[in-house]
Structure formats: structure tokens, C-alpha cells
>>> print(open('work.cif').read())   # mmCIF, C-alpha atoms
data_final
loop_
_atom_site.group_PDB
_atom_site.id
_atom_site.type_symbol
_atom_site.label_atom_id
_atom_site.label_comp_id
_atom_site.auth_asym_id
_atom_site.auth_seq_id
_atom_site.Cartn_x
_atom_site.Cartn_y
_atom_site.Cartn_z
ATOM 1 C CA MET A 1 -190.907 9.253 -136.637
ATOM 2 C CA PRO A 2 -194.328 8.757 -138.258
ATOM 3 C CA ILE A 3 -195.086 10.790 -141.347
ATOM 4 C CA GLU A 4 -197.806 13.436 -141.059
ATOM 5 C CA GLN A 5 -200.964 14.081 -143.024
ATOM 6 C CA MET A 6 -200.118 16.662 -145.698
ATOM 7 C CA SER A 7 -202.422 19.474 -144.597
ATOM 8 C CA ASN A 8 -201.491 19.025 -140.922
ATOM 9 C CA PHE A 9 -197.790 19.083 -141.782
ATOM 10 C CA PHE A 10 -198.006 22.488 -143.458
ATOM 11 C CA SER A 11 -200.535 23.968 -141.016
ATOM 12 C CA ALA A 12 -198.088 23.307 -138.186
ATOM 13 C CA ARG A 13 -195.266 25.065 -140.058
ATOM 14 C CA VAL A 14 -197.010 27.990 -141.743
ATOM 15 C CA ASP A 15 -195.287 30.611 -139.557
ATOM 16 C CA VAL A 16 -191.781 29.403 -140.464
ATOM 17 C CA TYR A 17 -192.458 28.155 -143.998
ATOM 18 C CA ASP A 18 -191.318 31.227 -145.950
ATOM 19 C CA GLU A 19 -188.051 31.571 -144.049
ATOM 20 C CA HIS A 20 -187.331 27.848 -144.404
ATOM 21 C CA MET A 21 -187.909 27.770 -148.162
ATOM 22 C CA LEU A 22 -185.962 30.955 -148.828
ATOM 23 C CA ASN A 23 -182.988 30.253 -146.581
ATOM 24 C CA SER A 24 -182.715 26.501 -146.020
ATOM 25 C CA VAL A 25 -183.683 24.758 -149.281
ATOM 26 C CA ARG A 26 -180.895 25.158 -151.815
ATOM 27 C CA GLY A 27 -182.027 26.714 -155.058
ATOM 28 C CA CYS A 28 -185.496 27.800 -153.983
ATOM 29 C CA LYS A 29 -184.746 31.491 -153.464
ATOM 30 C CA GLU A 30 -183.246 31.662 -156.945
ATOM 31 C CA GLY A 31 -185.967 29.373 -158.308
ATOM 32 C CA TYR A 32 -188.790 31.739 -157.359
ATOM 33 C CA ILE A 33 -187.074 34.501 -159.332
ATOM 34 C CA LYS A 34 -186.339 32.234 -162.303
ATOM 35 C CA MET A 35 -189.936 30.991 -162.501
ATOM 36 C CA ALA A 36 -191.183 34.574 -162.713
ATOM 37 C CA GLU A 37 -188.676 35.267 -165.487
ATOM 38 C CA LEU A 38 -189.811 32.205 -167.451
ATOM 39 C CA LEU A 39 -193.486 33.156 -167.513
ATOM 40 C CA PRO A 40 -194.366 34.493 -170.982
ATOM 41 C CA HIS A 41 -194.845 38.261 -171.081
ATOM 42 C CA ASP A 42 -198.412 38.094 -172.407
ATOM 43 C CA VAL A 43 -199.979 35.841 -169.748
ATOM 44 C CA ASN A 44 -203.031 37.238 -168.007
ATOM 45 C CA ASN A 45 -204.519 34.196 -166.274
ATOM 46 C CA ILE A 46 -202.493 31.498 -164.511
ATOM 47 C CA LEU A 47 -203.164 28.393 -162.442
ATOM 48 C CA ASP A 48 -200.899 27.880 -159.416
ATOM 49 C CA LEU A 49 -200.957 24.320 -158.049
ATOM 50 C CA GLY A 50 -199.994 23.975 -154.397
ATOM 51 C CA CYS A 51 -199.593 27.744 -154.167
ATOM 52 C CA GLY A 52 -198.996 27.715 -150.408
ATOM 53 C CA THR A 53 -198.060 31.160 -149.082
ATOM 54 C CA GLY A 54 -197.284 32.369 -152.592
ATOM 55 C CA LEU A 55 -193.519 32.736 -152.565
ATOM 56 C CA GLU A 56 -193.439 32.291 -156.356
ATOM 57 C CA LEU A 57 -196.258 34.848 -156.651
ATOM 58 C CA ASP A 58 -194.244 37.366 -154.614
ATOM 59 C CA GLU A 59 -191.836 37.461 -157.571
ATOM 60 C CA ILE A 60 -194.451 37.202 -160.328
ATOM 61 C CA PHE A 61 -196.425 40.162 -158.984
ATOM 62 C CA LYS A 62 -193.328 42.373 -159.228
ATOM 63 C CA THR A 63 -193.552 42.325 -163.041
ATOM 64 C CA LYS A 64 -197.179 41.276 -163.548
ATOM 65 C CA PRO A 65 -199.144 43.085 -160.814
ATOM 66 C CA LEU A 66 -202.509 42.767 -162.617
ATOM 67 C CA ILE A 67 -202.318 39.077 -163.451
ATOM 68 C CA HIS A 68 -205.226 36.862 -162.345
ATOM 69 C CA VAL A 69 -204.140 33.836 -160.323
ATOM 70 C CA THR A 70 -206.186 30.786 -159.422
ATOM 71 C CA GLY A 71 -204.322 29.229 -156.499
ATOM 72 C CA ILE A 72 -205.124 25.776 -155.145
ATOM 73 C CA ASP A 73 -203.788 24.373 -151.886
ATOM 74 C CA LEU A 74 -204.752 21.739 -149.326
ATOM 75 C CA THR A 75 -203.877 23.957 -146.375
ATOM 76 C CA GLN A 76 -206.204 26.843 -145.521
ATOM 77 C CA ALA A 77 -203.639 28.444 -143.215
ATOM 78 C CA MET A 78 -201.257 28.784 -146.167
ATOM 79 C CA LEU A 79 -203.945 30.410 -148.304
ATOM 80 C CA ASP A 80 -204.797 32.798 -145.460
ATOM 81 C CA LYS A 81 -201.179 33.940 -145.273
ATOM 82 C CA LEU A 82 -201.062 34.406 -149.054
ATOM 83 C CA LYS A 83 -204.182 36.580 -148.938
ATOM 84 C CA GLN A 84 -202.723 38.625 -146.069
ATOM 85 C CA LYS A 85 -199.575 39.284 -148.100
ATOM 86 C CA HIS A 86 -201.444 40.299 -151.250
ATOM 87 C CA PRO A 87 -204.923 41.529 -150.277
ATOM 88 C CA GLU A 88 -205.186 43.788 -153.327
ATOM 89 C CA LYS A 89 -204.198 41.218 -155.974
ATOM 90 C CA ASN A 90 -206.556 39.400 -158.338
ATOM 91 C CA LEU A 91 -206.549 36.065 -156.511
ATOM 92 C CA THR A 92 -209.009 33.193 -156.598
ATOM 93 C CA LEU A 93 -207.947 30.869 -153.771
ATOM 94 C CA ILE A 94 -209.298 27.339 -153.483
ATOM 95 C CA ASN A 95 -208.798 25.114 -150.439
ATOM 96 C CA GLU A 96 -208.939 21.702 -152.074
ATOM 97 C CA SER A 97 -206.817 18.927 -153.525
ATOM 98 C CA TYR A 98 -205.699 19.805 -157.020
ATOM 99 C CA PHE A 99 -206.262 16.166 -157.929
ATOM 100 C CA ASP A 100 -209.989 16.646 -157.304
ATOM 101 C CA TYR A 101 -210.595 20.204 -158.450
ATOM 102 C CA ASP A 102 -211.963 20.771 -161.970
ATOM 103 C CA PHE A 103 -209.536 23.115 -163.743
ATOM 104 C CA GLY A 104 -211.777 23.558 -166.777
ATOM 105 C CA ILE A 105 -210.837 23.344 -170.457
ATOM 106 C CA GLU A 106 -208.464 25.738 -172.273
ATOM 107 C CA LYS A 107 -208.896 28.329 -169.540
ATOM 108 C CA TYR A 108 -205.379 29.380 -168.526
ATOM 109 C CA ASP A 109 -202.475 31.015 -170.346
ATOM 110 C CA ALA A 110 -200.014 29.178 -168.100
ATOM 111 C CA ALA A 111 -199.865 26.849 -165.115
ATOM 112 C CA ILE A 112 -197.159 26.707 -162.466
ATOM 113 C CA SER A 113 -196.177 24.603 -159.475
ATOM 114 C CA PHE A 114 -193.312 25.044 -157.026
ATOM 115 C CA GLN A 115 -191.975 22.243 -154.781
ATOM 116 C CA THR A 116 -195.285 20.393 -154.517
ATOM 117 C CA MET A 117 -195.166 17.491 -156.999
ATOM 118 C CA HIS A 118 -192.473 15.426 -155.287
ATOM 119 C CA HIS A 119 -194.960 13.564 -153.087
ATOM 120 C CA PHE A 120 -196.910 11.561 -155.666
ATOM 121 C CA SER A 121 -196.713 8.426 -157.799
ATOM 122 C CA HIS A 122 -196.068 8.307 -161.532
ATOM 123 C CA ASN A 123 -199.677 7.359 -162.277
ATOM 124 C CA ASP A 124 -201.040 10.179 -160.120
ATOM 125 C CA LYS A 125 -198.776 12.652 -161.872
ATOM 126 C CA ILE A 126 -199.825 11.535 -165.357
ATOM 127 C CA LYS A 127 -203.487 12.036 -164.418
ATOM 128 C CA LEU A 128 -202.742 15.464 -162.974
ATOM 129 C CA TYR A 129 -200.548 16.550 -165.880
ATOM 130 C CA SER A 130 -203.323 15.496 -168.273
ATOM 131 C CA LYS A 131 -205.725 17.786 -166.394
ATOM 132 C CA ILE A 132 -203.214 20.632 -166.552
ATOM 133 C CA TYR A 133 -202.724 20.052 -170.285
ATOM 134 C CA SER A 134 -206.474 20.240 -170.905
ATOM 135 C CA ALA A 135 -206.793 23.382 -168.788
ATOM 136 C CA LEU A 136 -204.169 25.272 -170.795
ATOM 137 C CA LYS A 137 -204.985 27.288 -173.873
ATOM 138 C CA ILE A 138 -203.310 26.221 -177.117
ATOM 139 C CA GLY A 139 -199.680 27.288 -176.885
ATOM 140 C CA GLY A 140 -199.851 27.522 -173.104
ATOM 141 C CA GLN A 141 -196.999 26.507 -170.821
ATOM 142 C CA TYR A 142 -196.716 24.510 -167.635
ATOM 143 C CA ILE A 143 -193.706 25.526 -165.544
ATOM 144 C CA GLU A 144 -192.730 23.165 -162.739
ATOM 145 C CA CYS A 145 -190.011 23.808 -160.194
ATOM 146 C CA ASP A 146 -189.496 20.787 -157.995
ATOM 147 C CA TYR A 147 -187.135 18.558 -156.088
ATOM 148 C CA MET A 148 -185.715 16.118 -158.660
ATOM 149 C CA VAL A 149 -182.875 13.621 -158.658
ATOM 150 C CA ILE A 150 -180.502 12.383 -161.346
ATOM 151 C CA ASN A 151 -180.216 8.657 -160.691
ATOM 152 C CA GLN A 152 -182.983 6.069 -160.905
ATOM 153 C CA ALA A 153 -181.546 4.312 -157.860
ATOM 154 C CA ASP A 154 -182.230 7.408 -155.769
ATOM 155 C CA GLU A 155 -185.812 7.654 -156.988
ATOM 156 C CA ASP A 156 -186.387 3.958 -156.272
ATOM 157 C CA LEU A 157 -184.988 4.323 -152.760
ATOM 158 C CA TYR A 158 -187.374 7.160 -151.860
ATOM 159 C CA TYR A 159 -190.428 5.478 -153.388
ATOM 160 C CA ASN A 160 -189.712 2.134 -151.722
ATOM 161 C CA GLU A 161 -189.138 3.750 -148.329
ATOM 162 C CA ASN A 162 -192.368 5.695 -148.672
ATOM 163 C CA GLN A 163 -194.285 2.506 -149.385
ATOM 164 C CA ARG A 164 -192.682 0.775 -146.405
ATOM 165 C CA ILE A 165 -193.589 3.598 -144.017
ATOM 166 C CA ARG A 166 -197.146 3.908 -145.346
ATOM 167 C CA LYS A 167 -197.627 0.164 -144.864
ATOM 168 C CA GLU A 168 -196.267 0.333 -141.313
ATOM 169 C CA GLN A 169 -198.623 3.207 -140.442
ATOM 170 C CA GLY A 170 -201.603 1.639 -142.181
ATOM 171 C CA ILE A 171 -202.054 4.604 -144.521
ATOM 172 C CA LYS A 172 -204.579 3.923 -147.257
ATOM 173 C CA HIS A 173 -203.868 4.487 -150.937
ATOM 174 C CA GLY A 174 -204.825 7.973 -152.042
ATOM 175 C CA GLU A 175 -204.397 9.612 -148.643
ATOM 176 C CA PHE A 176 -201.992 12.560 -148.740
ATOM 177 C CA TYR A 177 -199.092 12.260 -146.314
ATOM 178 C CA HIS A 178 -195.891 14.264 -146.345
ATOM 179 C CA TYR A 179 -192.909 12.265 -147.562
ATOM 180 C CA ASP A 180 -190.511 13.255 -150.337
ATOM 181 C CA THR A 181 -190.539 10.975 -153.373
ATOM 182 C CA PRO A 182 -188.584 12.894 -156.028
ATOM 183 C CA CYS A 183 -188.546 11.626 -159.595
ATOM 184 C CA THR A 184 -185.561 11.711 -161.881
ATOM 185 C CA ILE A 185 -185.541 14.570 -164.357
ATOM 186 C CA ASP A 186 -185.899 12.092 -167.227
ATOM 187 C CA ASN A 187 -188.948 10.469 -165.634
ATOM 188 C CA GLN A 188 -190.544 13.840 -164.925
ATOM 189 C CA ILE A 189 -190.196 14.780 -168.597
ATOM 190 C CA MET A 190 -191.505 11.370 -169.663
ATOM 191 C CA LEU A 191 -194.612 11.743 -167.495
ATOM 192 C CA MET A 192 -195.364 15.152 -168.997
ATOM 193 C CA SER A 193 -194.971 13.730 -172.495
ATOM 194 C CA LYS A 194 -197.384 10.920 -171.666
ATOM 195 C CA ALA A 195 -199.893 13.552 -170.547
ATOM 196 C CA GLY A 196 -199.755 15.141 -174.013
ATOM 197 C CA PHE A 197 -197.226 17.973 -173.780
ATOM 198 C CA ILE A 198 -195.452 18.335 -177.119
ATOM 199 C CA LYS A 199 -192.180 19.538 -175.648
ATOM 200 C CA SER A 200 -190.865 19.293 -172.092
ATOM 201 C CA GLU A 201 -187.323 20.243 -171.167
ATOM 202 C CA MET A 202 -185.216 21.054 -168.163
ATOM 203 C CA ILE A 203 -184.404 24.768 -168.215
ATOM 204 C CA TRP A 204 -182.630 25.389 -164.915
ATOM 205 C CA ARG A 205 -181.227 23.542 -161.889
ATOM 206 C CA VAL A 206 -179.472 24.455 -158.620
ATOM 207 C CA GLU A 207 -178.641 21.464 -156.417
ATOM 208 C CA ASN A 208 -181.854 19.343 -156.600
ATOM 209 C CA THR A 209 -184.168 22.309 -157.274
ATOM 210 C CA THR A 210 -185.048 21.902 -160.934
ATOM 211 C CA ILE A 211 -187.290 23.723 -163.423
ATOM 212 C CA ILE A 212 -188.976 21.995 -166.358
ATOM 213 C CA VAL A 213 -191.040 23.886 -168.912
ATOM 214 C CA ALA A 214 -193.709 21.913 -170.803
ATOM 215 C CA GLN A 215 -195.420 23.256 -173.911
ATOM 216 C CA LYS A 216 -198.952 22.550 -175.121
#
>>> encode(input="work.cif", output="C-alpha cells")
Amino acid sequence: MPIEQMSNFFSARVDVYDEHMLNSVRGCKEGYIKMAELLPHDVNNILDLGCGTGLELDEIFKTKPLIHVTGIDLTQAMLDKLKQKHPEKNLTLINESYFDYDFGIEKYDAAISFQTMHHFSHNDKIKLYSKIYSALKIGGQYIECDYMVINQADEDLYYNENQRIRKEQGIKHGEFYHYDTPCTIDNQIMLMSKAGFIKSEMIWRVENTTIIVAQK
């Protein structure tokens, strides 16, 4: 079957997204809780990349109800559902690509992303991680929970298949289409280091759902 444009893919599934992530993707339900636990106690202002319907925020708001969140997502329907769930929270929601949006400089105490980075190339990730690094205050953390693999052969298989399908469909470089291209944990850490993070380490993993914490 042809792969779908990213925003269209999630717009078509917004009504079943929460149930799918919580009940069908191994490690995600626990990962949302763990991400909230890993956020430093003194954070007041966070950046959430690919925030979607805010499943990670559901957990974060339980212990940090007054926190300000800037959430960025390609899919307006996802942002609408997030706002419906948390109408009273301090949310700034932006319907845009996080590759294009200007995060600012030394603005956020922490940045987070959950199951959104496993669709992009190494070079794209380095550019994005560099933006995240610049947007964090000194001592800030970037917490990423994502689909990651162990073996390089698995990563190569997914990336090569993605390229084959994109070529078959005539998809131009830079266009966002939904296809999983997970990195190895080692490569993910390497990309964060190249972006400037002084320390990046895997903290937690269930099946392929993996959390890395990177320190500025």
C-alpha cells in the first residue's frame, strides 16, 4: 500500500490514536508515565515536539498542573483534541512543522518528544537537535521517547525500504510521509552529541520503546 502524507495519516486516525498508543504499542503506556517522572522538578516552561493529542502531557499535568507547554504538531485535528482534553492548562499550540518553527534561544527549561522522531534522516535529526539545544536554557534537558532498534542491520533495512517506496511514489525530498525509520540507540545518542549535547544516555526501554535523556 502507498504511504500517506504525515498530516493526513494522523488526521484520519485522531479518534483512535489514544487507544492505539496506550493499548497496542508496547511500552508506550509505561513510557508516558516514565517521561513525566524524568522531568526535573523545577521546570516551568517546556517545548513538546510532535505533541499530538498530548498523551505525555496527560501524565505531566498530574504533577505539574501549572507548567507552561509550547506544543508543536503538523496535524491540527490532534491539537484540537489536546485542547479539548486540557482547556484550562497553560498551552501554546502551534500547527506547523517543528523543522520550520523558530524555537528561540535559551527559552525552555526542558524539551520533550514522544514517538515522533522515527520518521527522519540522520541529517534532519542533527539539524533539529541543534535547534532544540539552542532553545534550551543552560542545564536544560531534552527527553526523547521513541521507537529505536538495537542492530544497525535493522536500521538500514527500514531506511532503504523507505527510500525505495518514496522513489516508487515519486515523493520529493523534504516532504513528510508516514513510514517508520527507527535509528539504533547508539546512532540516536551519536546524533544528539553531534548537535552539542554534553551527555546523552539511554535511561529506560520496554520492547522498542526507548527513552534517552540529553543534557545541555
>>> closest_residue(input="work.cif", among="A:His68, A:Lys194, A:His41, A:Arg13", to="A:Tyr108", atoms="all atoms listed in the file")
A:His68
>>> residues_around(input="work.cif", residues="A:Gln215", least_positions_apart="4", cutoff="7 Å", atoms="only C-alpha atoms", output="list in words")
Gly139, Gly140, Gln141, Tyr142, Phe197, Ile198, Lys199 and Ser200 of chain A
>>> resolve_selection(input="work.cif", expression="the PyMOL selection byres ((chain A and resi 152-159) around 10)", output="PyMOL selection string")
chain A and resi 119-121+148-151+160-164+179-187
>>> closest_residue(input="work.cif", among="A:Ala12, A:Met35, A:Val69, A:Ile171", to="A:Leu82", atoms="only C-alpha atoms")
A:Val69
>>> atom_distance(input="work.cif", atom1="atom CA of A:Glu144", atom2="atom CA of A:Lys172")
27.4 Å
>>> closest_residue(input="work.cif", among="A:Asp146, A:Glu106, A:Glu168, A:Asp58", to="A:Gln188", atoms="all atoms listed in the file")
A:Asp146
>>> closest_residue(input="work.cif", among="A:Gly174, A:Pro2, A:Gly27, A:Gly50", to="A:Ser113", atoms="all atoms listed in the file")
A:Gly50
>>> residues_around(input="work.cif", residues="A:Ala195", least_positions_apart="2", cutoff="6 Å", atoms="only C-alpha atoms", output="mmCIF file with C-alpha atoms, in the coordinates of the input")
data_model
loop_
_atom_site.group_PDB
_atom_site.id
_atom_site.type_symbol
_atom_site.label_atom_id
_atom_site.label_comp_id
_atom_site.auth_asym_id
_atom_site.auth_seq_id
_atom_site.Cartn_x
_atom_site.Cartn_y
_atom_site.Cartn_z
ATOM 1 C CA ILE A 126 -199.825 11.535 -165.357
ATOM 2 C CA TYR A 129 -200.548 16.550 -165.880
ATOM 3 C CA SER A 130 -203.323 15.496 -168.273
ATOM 4 C CA MET A 192 -195.364 15.152 -168.997
ATOM 5 C CA SER A 193 -194.971 13.730 -172.495
#
>>> resolve_selection(input="work.cif", expression="the PyMOL selection byres ((chain A and resi 28) around 10)", output="mmCIF file with C-alpha atoms, in the coordinates of the input")
data_model
loop_
_atom_site.group_PDB
_atom_site.id
_atom_site.type_symbol
_atom_site.label_atom_id
_atom_site.label_comp_id
_atom_site.auth_asym_id
_atom_site.auth_seq_id
_atom_site.Cartn_x
_atom_site.Cartn_y
_atom_site.Cartn_z
ATOM 1 C CA HIS A 20 -187.331 27.848 -144.404
ATOM 2 C CA MET A 21 -187.909 27.770 -148.162
ATOM 3 C CA LEU A 22 -185.962 30.955 -148.828
ATOM 4 C CA ASN A 23 -182.988 30.253 -146.581
ATOM 5 C CA SER A 24 -182.715 26.501 -146.020
ATOM 6 C CA VAL A 25 -183.683 24.758 -149.281
ATOM 7 C CA ARG A 26 -180.895 25.158 -151.815
ATOM 8 C CA GLY A 27 -182.027 26.714 -155.058
ATOM 9 C CA LYS A 29 -184.746 31.491 -153.464
ATOM 10 C CA GLU A 30 -183.246 31.662 -156.945
ATOM 11 C CA GLY A 31 -185.967 29.373 -158.308
ATOM 12 C CA TYR A 32 -188.790 31.739 -157.359
ATOM 13 C CA ILE A 33 -187.074 34.501 -159.332
ATOM 14 C CA LYS A 34 -186.339 32.234 -162.303
ATOM 15 C CA LEU A 55 -193.519 32.736 -152.565
ATOM 16 C CA GLU A 56 -193.439 32.291 -156.356
ATOM 17 C CA PHE A 114 -193.312 25.044 -157.026
ATOM 18 C CA GLN A 115 -191.975 22.243 -154.781
ATOM 19 C CA CYS A 145 -190.011 23.808 -160.194
ATOM 20 C CA ASP A 146 -189.496 20.787 -157.995
ATOM 21 C CA TYR A 147 -187.135 18.558 -156.088
ATOM 22 C CA ARG A 205 -181.227 23.542 -161.889
ATOM 23 C CA VAL A 206 -179.472 24.455 -158.620
ATOM 24 C CA GLU A 207 -178.641 21.464 -156.417
ATOM 25 C CA ASN A 208 -181.854 19.343 -156.600
ATOM 26 C CA THR A 209 -184.168 22.309 -157.274
ATOM 27 C CA THR A 210 -185.048 21.902 -160.934
#
>>> atom_distance(input="work.cif", atom1="atom CA of A:Lys137", atom2="atom CA of A:Asp42")
12.7 Å
>>> atom_distance(input="work.cif", atom1="atom CA of A:Trp204", atom2="atom CA of A:Leu66")
26.5 Å
